[in-house]
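Trainee: For reference, the structure I am asking about is given below.
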Amino acid sequence: MIPYGRQSINQDDINEVARVLKSDWLTQGPKIKEFEKSLAEYCGAKYAVAVSSGTAALHLAYLAADLKTGDEVITTPNTFAATANMLLAVGAKPVFCDIRPDTYNIDEEQIEKYITQKTKAIVPVHFAGHPCEMDKILKTAKKHGLLVIEDACHALGAKYKNKKIGSIGDMTVFSFHPVKSITTGEGGAVLTNNKNLYNKLVHLRSHGITKDKNGFNVMTVLGYNYRLTDIQATLGLSQMKRLDNFINTRHKIVDWYNQELKNIKEIILPVELLNSRSSWHIYVIRTAKQETRNKLAKYLKNNGVGVNFHYPAVYSHPYYKNMGYKNTNLDNTENYHCSCITLPLYPDLKKSDVDYICNKIKSFYSK
């Protein structure tokens with residue numbers, strides 16, 4: 001089976017992790033700061049706070065933003081559930097805005113109509129690694145005094161108008177799960193240019209405990225154990241050395257797919273807009289006829305191709321329906337999530353694998 005995504009680990013990664021395992025620090029050591037510095041410098045941000053997962057990063061970002069019960073936050077339904085779940089975790093209400101029909105990102109032109117007196121933030125998600133239209137989103141946020149928290153769990157290495165994702169909004173959240181741009185096993189980070197937010201994030205990451213003037217540990221807020229280990233940070237540091245190569249390779253694989261699939265009129269290929277450079281976390285095609293999607297997916301799986309679906313609309317999950325979203329129905333989102341199929345994409349994917357996958361798609365439609 002060709003998986004839809006997987007990590008790329010080389011001997012340098014293994015050697016670096018082995019060195020840490022033999023050192024005095026397995027966690028709360030110097031590699032954390034080194035990894036954070038590497039992330040911040042790469043993305044052009046002032047501060048980075050490494051944490052145990054992308055979900056933990058979202059939770060801390062929402063806490064640092066002082067989101068609480070009664071607050072509303074505008075986001076996209078085309079995302080992994082964690083984006084909205086962590087809003088619920090702090091008591092805030094996700095307000096779902098429809099997506100664009102081209103990039104499948106939040107439709108920046110529709111955001112303003114969802115803003116109320118209760119709205120406190122906008123959480124755009126850079127779906128599949130393609131940046132959202134941040135200029136318009138920031139303009140809308142500034143007009144209404146809202147924070148912008150970017151869910152960039154797909155988008156480490158992406159650029160919007162020659163600015164790296166991670167340096168644009170009030171806070172930016174990354175994930176280092178094995179299928180992402182780089183991996184630390186599990187892991188995540190929040191990047192910001194705001195020192196006050198940075199201090200909150202650091203404090204909340206480790207139980208809300210700090211040192212008093214006498215050097216004693218004192219807890220001043222309710223925090224969490226969302227720390228990343230030095231073992232994970234070291235793997236991340238090693239992976240960062242190959243990040244640009246990973247992104248370039250993903251672009252090459254996308255070119256292979258596009259070349260092979262461009263003449264199949266029954267499917268719709270993903271796009272990359274001129275003002276953006278995607279990190280190509282995933283490669284999503286759509287079937288022109290919704291009723292064909294499941295048949296094509298089943299055919300590919302039966303032929304050893306590990307396709308996936310990114311994503312069912314968050315509001316369509318049974319939990320969210322029971323939470324009051326039963327009647328939520330957004331046209332572009334509905335059209336998208338009934339027709340999307342994620343094809344395999346990762347740096348070690350071979351040209352022969354892509355040819356095999358594309359030939360199976362051609363074979364399916366030739367019957």
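Please note that chains go A, B, ... in the order of the structure tokens, that every chain numbers its residues from 1, and that ligands are numbered from 1 in the order shown.
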Using DSSP assignments from the backbone, pull out every residue in region 77-230 of chain A that falls under strand (DSSP E) and give it to me as a PyMOL selection string.
Mentor: chain A and resi 93-96+119-123+147-151+159-160+163-164+171-175+188-192+209-211+217-219
Trainee: Given the selection you just returned, output its residues as a file containing N, CA and C atoms, formatted as an mmCIF file, in the first residue's frame.
Mentor:
data_model
loop_
_atom_site.group_PDB
_atom_site.id
_atom_site.type_symbol
_atom_site.label_atom_id
_atom_site.label_comp_id
_atom_site.auth_asym_id
_atom_site.auth_seq_id
_atom_site.Cartn_x
_atom_site.Cartn_y
_atom_site.Cartn_z
ATOM 1 N N LYS A 93 -17.103 29.939 20.942
ATOM 2 C CA LYS A 93 -17.989 29.350 19.939
ATOM 3 C C LYS A 93 -17.399 29.491 18.544
ATOM 4 N N PRO A 94 -17.132 28.366 17.848
ATOM 5 C CA PRO A 94 -16.698 28.459 16.453
ATOM 6 C C PRO A 94 -17.849 28.932 15.567
ATOM 7 N N VAL A 95 -17.557 29.897 14.713
ATOM 8 C CA VAL A 95 -18.524 30.369 13.716
ATOM 9 C C VAL A 95 -17.929 30.036 12.356
ATOM 10 N N PHE A 96 -18.594 29.165 11.609
ATOM 11 C CA PHE A 96 -18.018 28.645 10.377
ATOM 12 C C PHE A 96 -18.383 29.510 9.174
ATOM 13 N N THR A 119 -17.629 38.653 18.537
ATOM 14 C CA THR A 119 -16.474 38.135 17.808
ATOM 15 C C THR A 119 -15.175 38.666 18.395
ATOM 16 N N LYS A 120 -14.227 37.769 18.648
ATOM 17 C CA LYS A 120 -12.946 38.166 19.243
ATOM 18 C C LYS A 120 -11.740 37.846 18.361
ATOM 19 N N ALA A 121 -11.906 36.911 17.426
ATOM 20 C CA ALA A 121 -10.747 36.495 16.622
ATOM 21 C C ALA A 121 -11.194 35.851 15.324
ATOM 22 N N ILE A 122 -10.247 35.794 14.383
ATOM 23 C CA ILE A 122 -10.404 35.051 13.136
ATOM 24 C C ILE A 122 -9.307 33.992 13.113
ATOM 25 N N VAL A 123 -9.681 32.759 12.788
ATOM 26 C CA VAL A 123 -8.692 31.681 12.691
ATOM 27 C C VAL A 123 -8.715 31.116 11.271
ATOM 28 N N LEU A 147 -8.202 39.647 16.816
ATOM 29 C CA LEU A 147 -6.935 38.940 16.687
ATOM 30 C C LEU A 147 -7.004 37.991 15.491
ATOM 31 N N VAL A 148 -5.848 37.742 14.882
ATOM 32 C CA VAL A 148 -5.743 36.752 13.817
ATOM 33 C C VAL A 148 -4.784 35.656 14.280
ATOM 34 N N ILE A 149 -5.324 34.464 14.437
ATOM 35 C CA ILE A 149 -4.540 33.303 14.850
ATOM 36 C C ILE A 149 -4.536 32.324 13.682
ATOM 37 N N GLU A 150 -3.410 32.190 13.028
ATOM 38 C CA GLU A 150 -3.326 31.336 11.842
ATOM 39 C C GLU A 150 -3.096 29.881 12.239
ATOM 40 N N ASP A 151 -3.959 29.006 11.762
ATOM 41 C CA ASP A 151 -3.704 27.573 11.869
ATOM 42 C C ASP A 151 -2.896 27.190 10.629
ATOM 43 N N LYS A 159 4.736 30.418 1.606
ATOM 44 C CA LYS A 159 4.931 31.868 1.528
ATOM 45 C C LYS A 159 3.668 32.537 1.001
ATOM 46 N N TYR A 160 3.391 33.711 1.559
ATOM 47 C CA TYR A 160 2.318 34.562 1.050
ATOM 48 C C TYR A 160 2.936 35.901 0.665
ATOM 49 N N LYS A 163 6.339 36.545 1.931
ATOM 50 C CA LYS A 163 6.512 36.502 3.384
ATOM 51 C C LYS A 163 6.243 35.080 3.858
ATOM 52 N N LYS A 164 7.129 34.569 4.677
ATOM 53 C CA LYS A 164 6.949 33.218 5.178
ATOM 54 C C LYS A 164 5.725 33.159 6.099
ATOM 55 N N MET A 171 -0.639 35.375 16.011
ATOM 56 C CA MET A 171 0.002 34.109 16.368
ATOM 57 C C MET A 171 -0.186 33.131 15.218
ATOM 58 N N THR A 172 0.788 32.243 15.043
ATOM 59 C CA THR A 172 0.715 31.210 14.014
ATOM 60 C C THR A 172 1.035 29.868 14.642
ATOM 61 N N VAL A 173 0.190 28.885 14.345
ATOM 62 C CA VAL A 173 0.315 27.554 14.935
ATOM 63 C C VAL A 173 0.823 26.559 13.889
ATOM 64 N N PHE A 174 1.832 25.768 14.277
ATOM 65 C CA PHE A 174 2.371 24.719 13.415
ATOM 66 C C PHE A 174 2.228 23.355 14.075
ATOM 67 N N SER A 175 2.258 22.311 13.236
ATOM 68 C CA SER A 175 2.260 20.921 13.701
ATOM 69 C C SER A 175 3.463 20.203 13.111
ATOM 70 N N GLY A 188 4.423 20.537 18.121
ATOM 71 C CA GLY A 188 3.854 21.722 17.506
ATOM 72 C C GLY A 188 4.565 22.960 18.011
ATOM 73 N N ALA A 189 4.116 24.114 17.561
ATOM 74 C CA ALA A 189 4.717 25.376 17.997
ATOM 75 C C ALA A 189 3.751 26.516 17.736
ATOM 76 N N VAL A 190 3.922 27.586 18.515
ATOM 77 C CA VAL A 190 3.224 28.846 18.275
ATOM 78 C C VAL A 190 4.281 29.903 18.028
ATOM 79 N N LEU A 191 4.149 30.640 16.917
ATOM 80 C CA LEU A 191 5.058 31.734 16.606
ATOM 81 C C LEU A 191 4.318 33.056 16.743
ATOM 82 N N THR A 192 5.026 34.084 17.196
ATOM 83 C CA THR A 192 4.424 35.404 17.361
ATOM 84 C C THR A 192 5.501 36.473 17.326
ATOM 85 N N ILE A 209 3.593 27.673 36.048
ATOM 86 C CA ILE A 209 4.553 27.829 37.153
ATOM 87 C C ILE A 209 5.752 28.649 36.700
ATOM 88 N N THR A 210 6.203 29.547 37.573
ATOM 89 C CA THR A 210 7.382 30.360 37.307
ATOM 90 C C THR A 210 8.198 30.474 38.590
ATOM 91 N N LYS A 211 9.342 31.111 38.496
ATOM 92 C CA LYS A 211 10.194 31.321 39.679
ATOM 93 C C LYS A 211 9.862 32.664 40.323
ATOM 94 N N ASN A 217 9.544 27.780 42.943
ATOM 95 C CA ASN A 217 8.498 27.578 41.944
ATOM 96 C C ASN A 217 7.154 28.019 42.501
ATOM 97 N N VAL A 218 6.474 28.906 41.771
ATOM 98 C CA VAL A 218 5.146 29.346 42.182
ATOM 99 C C VAL A 218 4.211 29.287 40.981
ATOM 100 N N MET A 219 2.998 28.778 41.224
ATOM 101 C CA MET A 219 1.990 28.700 40.175
ATOM 102 C C MET A 219 1.103 29.939 40.248
#
Trainee: I'd like the contact shell of Pro77 (chain A) - 9 Å cut-off, only C-alpha atoms, skipping same-chain residues fewer than 3 positions apart - returned as a ChimeraX atom specification.
Mentor: /A:80-81,84,95-99,106,311-316,330,333
Trainee: Any chance you can output those residues with N, CA and C atoms as an mmCIF file, in the first residue's frame?
Mentor:
data_model
loop_
_atom_site.group_PDB
_atom_site.id
_atom_site.type_symbol
_atom_site.label_atom_id
_atom_site.label_comp_id
_atom_site.auth_asym_id
_atom_site.auth_seq_id
_atom_site.Cartn_x
_atom_site.Cartn_y
_atom_site.Cartn_z
ATOM 1 N N PHE A 80 -9.018 20.033 10.129
ATOM 2 C CA PHE A 80 -9.077 18.974 11.131
ATOM 3 C C PHE A 80 -9.849 19.502 12.336
ATOM 4 N N ALA A 81 -10.567 18.619 12.991
ATOM 5 C CA ALA A 81 -11.476 19.032 14.065
ATOM 6 C C ALA A 81 -10.792 19.825 15.174
ATOM 7 N N ALA A 84 -11.349 23.721 15.693
ATOM 8 C CA ALA A 84 -12.564 24.139 16.390
ATOM 9 C C ALA A 84 -12.669 23.527 17.783
ATOM 10 N N VAL A 95 -17.557 29.897 14.713
ATOM 11 C CA VAL A 95 -18.524 30.369 13.716
ATOM 12 C C VAL A 95 -17.929 30.036 12.356
ATOM 13 N N PHE A 96 -18.594 29.165 11.609
ATOM 14 C CA PHE A 96 -18.018 28.645 10.377
ATOM 15 C C PHE A 96 -18.383 29.510 9.174
ATOM 16 N N CYS A 97 -17.343 29.906 8.455
ATOM 17 C CA CYS A 97 -17.472 30.687 7.223
ATOM 18 C C CYS A 97 -17.177 29.766 6.050
ATOM 19 N N ASP A 98 -17.868 29.941 4.957
ATOM 20 C CA ASP A 98 -17.684 29.081 3.784
ATOM 21 C C ASP A 98 -16.285 29.250 3.189
ATOM 22 N N ILE A 99 -15.914 28.332 2.304
ATOM 23 C CA ILE A 99 -14.582 28.310 1.707
ATOM 24 C C ILE A 99 -14.612 28.813 0.268
ATOM 25 N N ILE A 106 -10.647 29.464 3.715
ATOM 26 C CA ILE A 106 -11.740 30.337 4.128
ATOM 27 C C ILE A 106 -11.919 31.456 3.097
ATOM 28 N N TYR A 311 -11.359 17.444 4.126
ATOM 29 C CA TYR A 311 -11.876 16.884 5.354
ATOM 30 C C TYR A 311 -13.372 16.803 5.246
ATOM 31 N N PRO A 312 -14.022 15.949 6.060
ATOM 32 C CA PRO A 312 -15.445 16.182 6.271
ATOM 33 C C PRO A 312 -15.594 17.524 6.967
ATOM 34 N N ALA A 313 -16.600 18.298 6.613
ATOM 35 C CA ALA A 313 -16.801 19.601 7.261
ATOM 36 C C ALA A 313 -16.925 19.406 8.770
ATOM 37 N N VAL A 314 -16.248 20.257 9.531
ATOM 38 C CA VAL A 314 -16.274 20.113 10.985
ATOM 39 C C VAL A 314 -17.710 20.076 11.500
ATOM 40 N N TYR A 315 -18.566 20.928 10.951
ATOM 41 C CA TYR A 315 -19.944 20.992 11.444
ATOM 42 C C TYR A 315 -20.741 19.738 11.121
ATOM 43 N N SER A 316 -20.205 18.864 10.247
ATOM 44 C CA SER A 316 -20.918 17.642 9.877
ATOM 45 C C SER A 316 -20.657 16.486 10.834
ATOM 46 N N LEU A 330 -23.044 25.005 4.241
ATOM 47 C CA LEU A 330 -22.354 26.010 3.438
ATOM 48 C C LEU A 330 -22.072 25.431 2.053
ATOM 49 N N THR A 333 -18.472 24.450 0.766
ATOM 50 C CA THR A 333 -17.965 23.394 1.641
ATOM 51 C C THR A 333 -18.641 22.064 1.327
#
Trainee: Can you pull out the residues contacting Ser181 (chain A)? Cut-off 12 Å, using only C-alpha atoms, and skip same-chain residues under 4 positions away; I want them as a count of residues only.
Mentor: 40
Trainee: Check the smallest atom-to-atom distance from each of A:Glu334, A:Asp102, A:Glu108, A:Asp353 to Ile268 (chain A) using only C-alpha atoms, then report the winner.
Mentor: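 Of the candidates, the smallest distance to Ile268 (chain A) is held by A:Asp102.
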Trainee: Taking only C-alpha atoms into account, name the residue in A:Ile165, A:Leu88, A:Val20, A:Leu26 that is nearest to Cys43 (chain A).
Mentor: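 Using only C-alpha atoms, the shortest distance to Cys43 (chain A) belongs to A:Ile165.
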Trainee: Just the helix (DSSP H, G or I) stuff from region 92-172 of chain A, please, per backbone DSSP, written as a short mmCIF file (atom, residue, chain, number, x, y, z; two decimals) with C-alpha atoms, in the first residue's frame.
Mentor:
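After the write, states_26.cif holds the following:
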data_model
loop_
_atom_site.label_atom_id
_atom_site.label_comp_id
_atom_site.auth_asym_id
_atom_site.auth_seq_id
_atom_site.Cartn_x
_atom_site.Cartn_y
_atom_site.Cartn_z
CA ILE A 111 -15.78 36.79 6.85
CA GLU A 112 -17.15 40.25 7.66
CA LYS A 113 -20.79 39.20 7.47
CA TYR A 114 -20.23 36.81 10.40
CA PHE A 127 -5.44 24.28 3.93
CA ALA A 128 -3.11 21.79 2.21
CA GLY A 129 -0.29 24.29 2.71
CA MET A 134 -3.95 37.29 4.54
CA ASP A 135 -4.01 40.94 3.42
CA LYS A 136 -7.81 40.97 3.27
CA ILE A 137 -8.13 38.97 6.50
CA LEU A 138 -5.77 41.31 8.38
CA LYS A 139 -7.61 44.36 7.02
CA THR A 140 -10.95 42.96 8.21
CA ALA A 141 -9.47 42.06 11.61
CA LYS A 142 -7.96 45.51 12.08
CA LYS A 143 -11.24 47.22 11.16
CA HIS A 144 -13.07 45.31 13.90
#
Trainee: Counting only C-alpha atoms, which of A:Asn10, A:Thr184, A:Thr83, A:Thr103 gets nearest to Ala233 (chain A)?
Mentor: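 For Ala233 (chain A), the nearest of the candidates is A:Thr184.
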Trainee: Select, from A:Val73, A:Ala89, A:Pro178, A:Lys350, the residue with the minimum atom-to-atom distance to Ile115 (chain A), counting only C-alpha atoms.
Mentor: A:Val73
Trainee: Counting only C-alpha atoms, which residue out of A:Lys46, A:Arg19, A:Lys360, A:Lys33 sits closest to Lys195 (chain A)?
Mentor: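 Among the listed residues, A:Lys46 lies closest to Lys195 (chain A).
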